[in-house]
Structure formats: C-alpha cells, structure tokens
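Structure first, then comments.
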Amino acid sequence: MPLLRIVTLIVGLIAILGLSLWLIDSLSRLYWQLSYSPLLGNLLLLLLVLLIFALIAAFVYYFLKIQSGEKKKRRTTRRVITPEEIPAQKADAASSTLQAVKQQVAQIQDEVTRQALLTRSREIETNLTRGEIQVVVFGTGSAGKTSLVNAVMGRMVGNVDAPMGTTQVGETYCLRLKGLERKILITDTPGILEAGVAGTEREQLARELATEANLLLFVVDNDIRRSEYEPLRALAEIGKRSLLVLNKTDLYTEADIEAILARLRQRVKGFIAPSDVVAIAANPQTAELETGETYEPEPDILPLLRRMAAILRAEGEDLVADNILLQSMRLGEEARKLIDAQRRRQADKIVDRFQWIGAGVVSVTPLPVVDLLATAAVNAQMVVEIGRIYGSELNMERGRELAVSLAKTIAGLGIVKGALELLSTALQLNVGTFIIGRAIQGVTAAYLTRIAGKSFIEYFRNDQDWGDGGMTEVVQRQFQLNRRDEFVQAFIKQAIARVVKPLQNISEVLEEENLEDRG
C-alpha cells in the first residue's frame with residue numbers, strides 16, 4: 001500500500017479515537033446529570049455504544065475498500081510485454097499478413113504474376129521458419145565492398161582490386177558468430193551508380209537485395225555523395241537497420257579520418273546513430289620497406305566486427321522479426337496494388353460499355369437538354385456492375401439512388417453546359433460541319449456517363465466513401481482529368497465511329513425513303 005494512504009489511515013484512526021474519547025466524556029457527564037432517571041441514562045449509554053461501533057465499522061469498511069481497490073487495480077493492469085516476447089509477436093503478425101496475402105493473390109487473374117507472388121510468399125515463410133540473419137553489403141562499386149566481405153570472412157571469397165562491375169549478381173556467404181545461435185548470411189551486392197543499361201540493371205538487383213536485409217552495411221570511401229545519400233536515406237525510411245562504413249582509411253591521416261567521420265555522422269544524423277558510423281581498412285595497400293621487401297598490413301575491420309556483434313547479439317531476434325514483417329507487408333501492398341489495377345481495368349471496361357449505351361439511348365430519344373436523369377436506369381446498372389467488381393453487392397434500387405444523386409451533382413456544378421460546349425466545338429472541328437442536335441446530345445451523354453462511372457470507381461476504391469471533399473470534389477477532379485486535349489481527341493474519334501456515323505447513315509436512309517415516297 002502507498003505510504004500516503006498508510007499515513008491517511010493512521011491520521012484517521014487517531015481522529016476517530018480522539019472523537020470517541022470526547023463523546024465518551026461528554027456523554028458520561030450527561031449520564032450523571034440524568035441519574036435521577038435510569039431509563040434516560042440507559043438510552044444514552046446505548047446511543048454511545050452504537051456511535052462507537054458505527055465509527056469502528058466505517059473505519060473497517062474504508063480500509064477493506066482500499067484493499068479491494070488495490071487488488072482490482074493489480075488485476076486490471078495490462079501485463080507488460082517483455083522484450084523477449086516482441087519478436088514472437090512480430091513473427092505472428094508476419095504469419096497472419098502472409099495468410100492475408102495468399103488470399104489476395106488468389107484474386108489475381110494473371111497466372112505469371114500470381115505464381116511470382118506465391119513464390120515470394122513461400123520464400124518469406126521459409127525465412128520465417130529458418131530465421132537466418134541477412135547482412136547485405138551495399139554501396140558503389142569502387143568503395144571496397146568485396147574487400148570488406150573478404151576481411152569479414154577471413155578468407156578470399158571474391159575478386160579484390162577488380163574493375164568496377166565485377167560482382168554481377170548478389171553473392172552470399174555463411175558465417176557464425178559466437179554467442180548467436182542463428183546463422184549469419186552476408187551478401188555482396190553489385191555496385192550502384194554504374195553507367196549503362198547493364199549497370200542500371202545491377203543497381204536494381206542491389207536495391208532489391210538491400211530491401212531484404214536484416215542489417216545493411218553501406219560502404220563509402222570518403223564523404224558521402226548525394227547520389228549515395230539518397231538510396232541510404234530511402235532504405236532507412238523503410239526501416240532498414242544500417243551501419244555506415246568508411247572504408248580505405250589507410251589512405252588518410254588520423255586527422256582526415258576524424259574529419260570525414262564527423263561529416264558523415266552529421267549528414268546521417270536523424271536516421272543513423274553516431275555509434276553506427278565506423279571506420280575500417282578492409283584491404284590496406286602494401287608498403288615497401290627500406291630493405292626492399294613489401295609489407296602487407298592486416299585488414300583493420302575490428303571496429304566493424306565489434307559493432308556488428310553488439311547489434312546482432314542485442315537486436316538480432318528483433319531484426320529478423322522486423323524484416324520478415326516488413327517483407328510480408330510490402331508483399332501485401334504489392335498484391336493490393338495489382339488487384340486494384342486489375343479491378344480498375346475491369347471497371348473501365350464497364351464504364352466504356354455503358355457510356356455508349358447511354359449515348360444510344362439519348363440519340364434515339366432526343367430531349368430538349370442533355371439530362372443524366374433520363375439515363376438513370378442505364379447508370380444504375382453501371383453502378384451495380386462496378387460495385388460487384390469491388391466486392392459490393394448493390395441492388396438496382398440502391399444503384400439508382402447513387403446514380404440520381406451523382407447526376408444532380410453533375411448538373412449542379414454546371415458540368416453539363418461545359419461538356420456541351422467542349423464537345424460541340426470538338427465535333428465541328430472533326431466532322432467539318434455542324435452535326436444534328438441528337439448526335440451532340442448522344443455524345444455529351446456518353447461523356448457525362450463516363451465522368452459518372454469514373455467517379456463511382458473512386459467511390460468503390462475507397463470502400464464506398466467519397467472522401468473528405470465529398471462527391472463534389474471527386475466529380476470535379478474527374479471532369480478536369482477528362483477534358484484534357486489528348487483524351488478529348490481520342491474520345492471524339494470513338495464518338496464519331498459509334499454515334500455520329502450511325503446517325504448519319506440513318507438520316508441518309510430516311511432521306512432516300514422520303515425521296516422514293518415523293519417519287
């Protein structure tokens with residue numbers, strides 16, 4: 001029990017005892033004054049006893065209440081999660097995410113893409129089970145990455161002092177660290193910032209390997225350049241635990257090394273700790289002695305090995321769990337984008353089909369003004385079919401409500417008038433002469449149906465939510481997107497083929513029939 005409450009109870013007990021003594025004294029005097037009446041005296045004595053018992057009962061009740069409150073608080077206090085449990089929770093989260101990814105992947109229609117994503121999910125599951133620590137060496141081709149790997153492994157595992165671009169693919173080697181049960185896989189990646197198409201392809205491979213790392217060793221041989229800083233910062237932003245390694249320190253004086261390290265720590269301040277910026281000489285240059293013999297210094301990588309060992313022993317489990325969770329979430333996001341693109345293609349086909357259906361309806365039954373309410377039934381069916389693509393089963397009544405609501409919004413924003421002016425001008429330029437009114441109305445109806453359909457795609461993409469700006473903002477944005485010159489030109493070409501020419505053909509046939517009747 002807290003000290004404050006103990007003090008409060010003691011003070012309360014003293015106050016109760018003092019009050020009791022005062023009551024006893026006062027009532028005893030009153031009792032003797034009423035001694036002439038034994039009945040009144042006995043009643044007064046009974047009252048005194050009841051008051052004392054009431055005070056004692058109140059004290060006991062208060063004390064027990066405090067005790068039960070403490071126990072309840074201890075029972076309801078959330079259990080603190082220990083650091084050892086965090087990796088297990090992240091692994092569980094990764095496993096759940098992978099299951100969700102598999103469900104998403106099953107919806108992808110492209111067989112090649114679906115199998116590629118399933119393969120990657122199985123690789124992540126394998127890593128989740130095996131739990132190896134992936135250390136990736138990343139940087140420019142001239143920074144000495146392969147030399148660093150050679151020095152860490154304690155034996156030659158690659159070509160040192162070779163021309164830039166030697167490491168064509170990621171090469172991985174296995175090592176053990178005392179005190180760490182997990183295997184450590186160290187991967188030498190192709191250099192970044194190499195010229196040519198082949199260099200760009202190798203850099204892409206290096207970046208992919210870096211995003212899968214548990215621990216990233218970013219190697220530089222001087223102050224970091226902007227072209228090196230940007231990929232390092234991007235990798236840190238997605239959660240990569242990184243060490244910035246200054247290599248080739250044998251080429252600098254002690255003062256130069258300290259100056260370069262200070263600049264590096266300042267540049268990466270905020271996403272890499274100062275203790276994670278280390279200096280090494282992975283492959284020191286040979287020196288010629290006065291005797292004419294050559295001296296080959298031993299690699300100086302002890303600062304890096306110490307820091308790596310400290311990180312992997314203290315954070316290894318968490319790094320593995322973090323990385324697996326990150327990979328599974330990235331895979332899930334990729335699957336979600338693929339499904340979204342697939343749905344948009346399907347929904348766009350629906351919009352394309354219904355816009356010309358709407359144009360046909362208006363063309364054969366011309367109205368004084370173009371009105372989307374006249375094609376509400378057509379648009380209602382379009383809404384229902386788009387909703388089905390996004391997993392929302394709407395009935396025709398609900399589809400009609402949405403279609404009518406959006407049609408009123410389009411009319412209220414003045415988009416009908418703007419569309420008429422835009423398309424009338426475009427049709428005159430393309431057809432050469434001013435075409436009949438019903439063709440203009442049909443083409444405009446198709447255009448407005450397209451804007452409505454595109455707006456509904458955004459509505460269903462956002463889980464049947466118009467967003468902060470509401471329906472108005474979505475409709476205005478779609479109108480702006482669909483009034484661009486390149487789109488209008490393509491749209492008019494389709495409109496001429498689907499609406500104008502059929503109407504012209506009908507008009508010609510009717511004219512011929514009229515001529516024949518007159519003849």
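Letters for chains follow the order of the structure tokens (A, B, ...), residue numbers begin at 1 for each chain, and ligand numbers begin at 1 in the order shown.
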Handout entry: Near-Arg400 (chain A) list (10 Å; only C-alpha atoms; drop same-chain fewer than 5 positions) as a PyMOL selection string
Key = chain A and resi 373+376-384+394-395+405-406
Exercise for the section: Using DSSP on the backbone coordinates, identify all residues within region 135-366 of chain A classified as strand (DSSP E or B); present the result as a ChimeraX atom specification. Expected result: /A:135-140,171-175,184-188,192,215-220,241-246,277-279,281,287-288,294-295,300
Those residues with N, CA and C atoms, as a compact mmCIF listing (two decimals), in the first residue's frame please?
```
# COMPACT_ATOMS: atom_id res chain seq x y z
N VAL A 135 22.75 -10.13 -43.71
CA VAL A 135 23.58 -8.92 -43.70
C VAL A 135 23.95 -8.62 -45.15
N VAL A 136 23.58 -7.44 -45.62
CA VAL A 136 23.82 -7.07 -47.02
C VAL A 136 24.81 -5.92 -47.08
N VAL A 137 25.84 -6.08 -47.92
CA VAL A 137 26.86 -5.05 -48.13
C VAL A 137 26.47 -4.27 -49.37
N PHE A 138 26.35 -2.95 -49.23
CA PHE A 138 25.74 -2.12 -50.27
C PHE A 138 26.59 -0.87 -50.47
N GLY A 139 26.70 -0.40 -51.71
CA GLY A 139 27.46 0.83 -51.97
C GLY A 139 27.95 0.86 -53.40
N THR A 140 28.78 1.86 -53.73
CA THR A 140 29.32 1.97 -55.08
C THR A 140 30.33 0.86 -55.35
N GLU A 171 26.23 -12.23 -54.21
CA GLU A 171 26.92 -13.44 -53.77
C GLU A 171 26.85 -13.51 -52.24
N THR A 172 26.38 -14.65 -51.75
CA THR A 172 26.09 -14.80 -50.32
C THR A 172 26.99 -15.85 -49.70
N TYR A 173 27.48 -15.55 -48.48
CA TYR A 173 28.35 -16.46 -47.73
C TYR A 173 27.82 -16.58 -46.31
N CYS A 174 28.09 -17.72 -45.71
CA CYS A 174 27.56 -18.02 -44.38
C CYS A 174 28.66 -17.94 -43.34
N LEU A 175 28.36 -17.36 -42.19
CA LEU A 175 29.33 -17.35 -41.09
C LEU A 175 28.58 -17.48 -39.78
N ILE A 184 24.46 -16.40 -39.89
CA ILE A 184 24.56 -15.07 -40.48
C ILE A 184 24.92 -15.23 -41.94
N LEU A 185 24.08 -14.71 -42.83
CA LEU A 185 24.35 -14.75 -44.26
C LEU A 185 24.77 -13.36 -44.69
N ILE A 186 25.97 -13.24 -45.22
CA ILE A 186 26.49 -11.94 -45.65
C ILE A 186 26.53 -11.91 -47.17
N THR A 187 25.88 -10.90 -47.76
CA THR A 187 25.72 -10.82 -49.21
C THR A 187 26.45 -9.62 -49.78
N ASP A 188 27.30 -9.89 -50.78
CA ASP A 188 28.00 -8.83 -51.51
C ASP A 188 27.17 -8.50 -52.73
N ILE A 192 26.33 0.27 -57.03
CA ILE A 192 25.33 1.21 -57.53
C ILE A 192 26.03 2.32 -58.29
N LEU A 215 20.31 -6.46 -41.63
CA LEU A 215 21.30 -5.44 -41.28
C LEU A 215 22.01 -5.03 -42.56
N LEU A 216 22.10 -3.73 -42.80
CA LEU A 216 22.70 -3.20 -44.02
C LEU A 216 24.04 -2.55 -43.69
N LEU A 217 25.08 -2.94 -44.44
CA LEU A 217 26.39 -2.29 -44.32
C LEU A 217 26.57 -1.42 -45.56
N PHE A 218 26.42 -0.11 -45.39
CA PHE A 218 26.56 0.82 -46.50
C PHE A 218 27.99 1.34 -46.52
N VAL A 219 28.73 1.01 -47.59
CA VAL A 219 30.17 1.27 -47.65
C VAL A 219 30.46 2.50 -48.49
N VAL A 220 31.26 3.41 -47.95
CA VAL A 220 31.76 4.57 -48.69
C VAL A 220 33.27 4.63 -48.49
N ARG A 241 17.82 -1.38 -40.72
CA ARG A 241 18.87 -1.11 -39.71
C ARG A 241 20.19 -1.05 -40.44
N SER A 242 20.89 0.08 -40.35
CA SER A 242 22.06 0.31 -41.20
C SER A 242 23.29 0.72 -40.40
N LEU A 243 24.45 0.28 -40.90
CA LEU A 243 25.74 0.77 -40.46
C LEU A 243 26.39 1.49 -41.63
N LEU A 244 26.91 2.68 -41.40
CA LEU A 244 27.64 3.41 -42.43
C LEU A 244 29.13 3.16 -42.21
N VAL A 245 29.76 2.54 -43.20
CA VAL A 245 31.14 2.06 -43.05
C VAL A 245 32.06 2.90 -43.94
N LEU A 246 32.99 3.61 -43.31
CA LEU A 246 34.03 4.35 -44.04
C LEU A 246 35.20 3.41 -44.28
N VAL A 277 28.39 4.66 -37.25
CA VAL A 277 29.29 5.12 -38.32
C VAL A 277 30.70 4.71 -37.91
N VAL A 278 31.29 3.76 -38.63
CA VAL A 278 32.58 3.19 -38.23
C VAL A 278 33.58 3.29 -39.37
N ALA A 279 34.85 3.27 -39.01
CA ALA A 279 35.94 3.39 -39.99
C ALA A 279 36.75 2.10 -40.02
N ALA A 281 39.75 -0.40 -42.64
CA ALA A 281 40.61 -0.55 -43.82
C ALA A 281 40.56 -2.02 -44.19
N ALA A 287 53.07 -1.81 -48.53
CA ALA A 287 54.11 -0.78 -48.37
C ALA A 287 55.48 -1.41 -48.61
N GLU A 288 56.37 -0.63 -49.19
CA GLU A 288 57.73 -1.13 -49.45
C GLU A 288 58.64 -0.67 -48.32
N THR A 294 58.33 -6.02 -49.36
CA THR A 294 56.98 -5.43 -49.30
C THR A 294 56.29 -5.89 -48.03
N TYR A 295 55.54 -4.97 -47.44
CA TYR A 295 54.81 -5.27 -46.21
C TYR A 295 53.31 -5.20 -46.50
N ASP A 300 42.08 -3.92 -41.16
CA ASP A 300 41.66 -3.30 -39.89
C ASP A 300 40.13 -3.15 -39.91
```
Name the residues in contact with Leu177 (chain A) at a cut-off of 12 Å, using only C-alpha atoms, excluding same-chain residues fewer than 2 positions from it; report them as a PDB file with C-alpha atoms, in the first residue's frame.
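Result file is part_2.pdb:
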```
ATOM      1  CA  ILE A 133      20.154 -13.102 -40.264  1.00  0.00           C
ATOM      2  CA  VAL A 152      34.947 -10.317 -42.505  1.00  0.00           C
ATOM      3  CA  MET A 153      35.010 -13.906 -43.722  1.00  0.00           C
ATOM      4  CA  CYS A 174      27.556 -18.016 -44.382  1.00  0.00           C
ATOM      5  CA  LEU A 175      29.327 -17.347 -41.090  1.00  0.00           C
ATOM      6  CA  GLY A 179      27.022 -16.343 -28.701  1.00  0.00           C
ATOM      7  CA  LEU A 180      24.463 -16.217 -31.525  1.00  0.00           C
ATOM      8  CA  GLU A 181      22.502 -19.323 -32.469  1.00  0.00           C
ATOM      9  CA  ARG A 182      21.269 -18.054 -35.827  1.00  0.00           C
ATOM     10  CA  LYS A 183      23.315 -18.324 -38.991  1.00  0.00           C
ATOM     11  CA  ILE A 184      24.559 -15.066 -40.481  1.00  0.00           C
ATOM     12  CA  LEU A 185      24.346 -14.750 -44.263  1.00  0.00           C
ATOM     13  CA  ILE A 186      26.488 -11.940 -45.647  1.00  0.00           C
ATOM     14  CA  LEU A 305      33.136  -6.540 -36.225  1.00  0.00           C
ATOM     15  CA  ARG A 306      32.598  -5.253 -32.689  1.00  0.00           C
ATOM     16  CA  MET A 308      28.111  -5.860 -35.804  1.00  0.00           C
ATOM     17  CA  ALA A 309      28.478  -8.356 -32.955  1.00  0.00           C
ATOM     18  CA  ALA A 310      26.930  -5.943 -30.452  1.00  0.00           C
ATOM     19  CA  ILE A 311      23.952  -5.237 -32.732  1.00  0.00           C
ATOM     20  CA  LEU A 312      23.323  -8.841 -33.727  1.00  0.00           C
ATOM     21  CA  ARG A 313      23.557 -10.134 -30.153  1.00  0.00           C
ATOM     22  CA  GLY A 316      19.273  -9.997 -33.814  1.00  0.00           C
TER      23      GLY A 316
END
```
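Interatomic distance, CA of Ala314 (chain A) to CA of Ala236 (chain A): 19.4 Å.
Residues in contact range of Asp463 (chain A), defined as at most 9 Å between only C-alpha atoms, with sequence neighbours fewer than 4 positions away removed, read A:Tyr390, A:Ser392, A:Glu458, A:Tyr459.
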Writer output for current selection, C-alpha atoms, as an mmCIF file, in the first residue's frame:
```cif
data_model
loop_
_atom_site.group_PDB
_atom_site.id
_atom_site.type_symbol
_atom_site.label_atom_id
_atom_site.label_comp_id
_atom_site.auth_asym_id
_atom_site.auth_seq_id
_atom_site.Cartn_x
_atom_site.Cartn_y
_atom_site.Cartn_z
ATOM 1 C CA TYR A 390 -15.114 -4.198 -55.887
ATOM 2 C CA SER A 392 -20.062 -4.679 -53.087
ATOM 3 C CA GLU A 458 -13.105 6.169 -56.960
ATOM 4 C CA TYR A 459 -16.084 5.773 -54.610
#
```
Determine, counting only C-alpha atoms, which protein, DNA and RNA residues have an atom within 10 Å of an atom of Arg344 (chain A); residues of the same chain fewer than 6 positions away are not included. Present the result as a short mmCIF file (atom, residue, chain, number, x, y, z; two decimals) with C-alpha atoms, in the first residue's frame.
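That gives us out-v9.cif:
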```cif
data_model
loop_
_atom_site.label_atom_id
_atom_site.label_comp_id
_atom_site.auth_asym_id
_atom_site.auth_seq_id
_atom_site.Cartn_x
_atom_site.Cartn_y
_atom_site.Cartn_z
CA LEU A 338 -2.02 -5.37 -58.53
CA ILE A 350 -17.80 -1.42 -67.79
CA ILE A 386 -18.84 -1.57 -60.85
CA ILE A 389 -16.10 -5.70 -59.27
CA TYR A 390 -15.11 -4.20 -55.89
CA LYS A 454 -15.02 7.19 -63.20
CA ILE A 457 -14.79 3.80 -59.43
CA GLU A 458 -13.10 6.17 -56.96
CA ARG A 461 -11.98 2.03 -54.43
#
```
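Here CA of Asp221 (chain A) is placed at a distance of 5.2 Å from CA of Ala143 (chain A).
If you measure from each of A:Leu304, A:Ala419, A:Leu205, A:Leu448 to Trp356 (chain A) using only C-alpha atoms, the closest one turns out to be A:Leu448.
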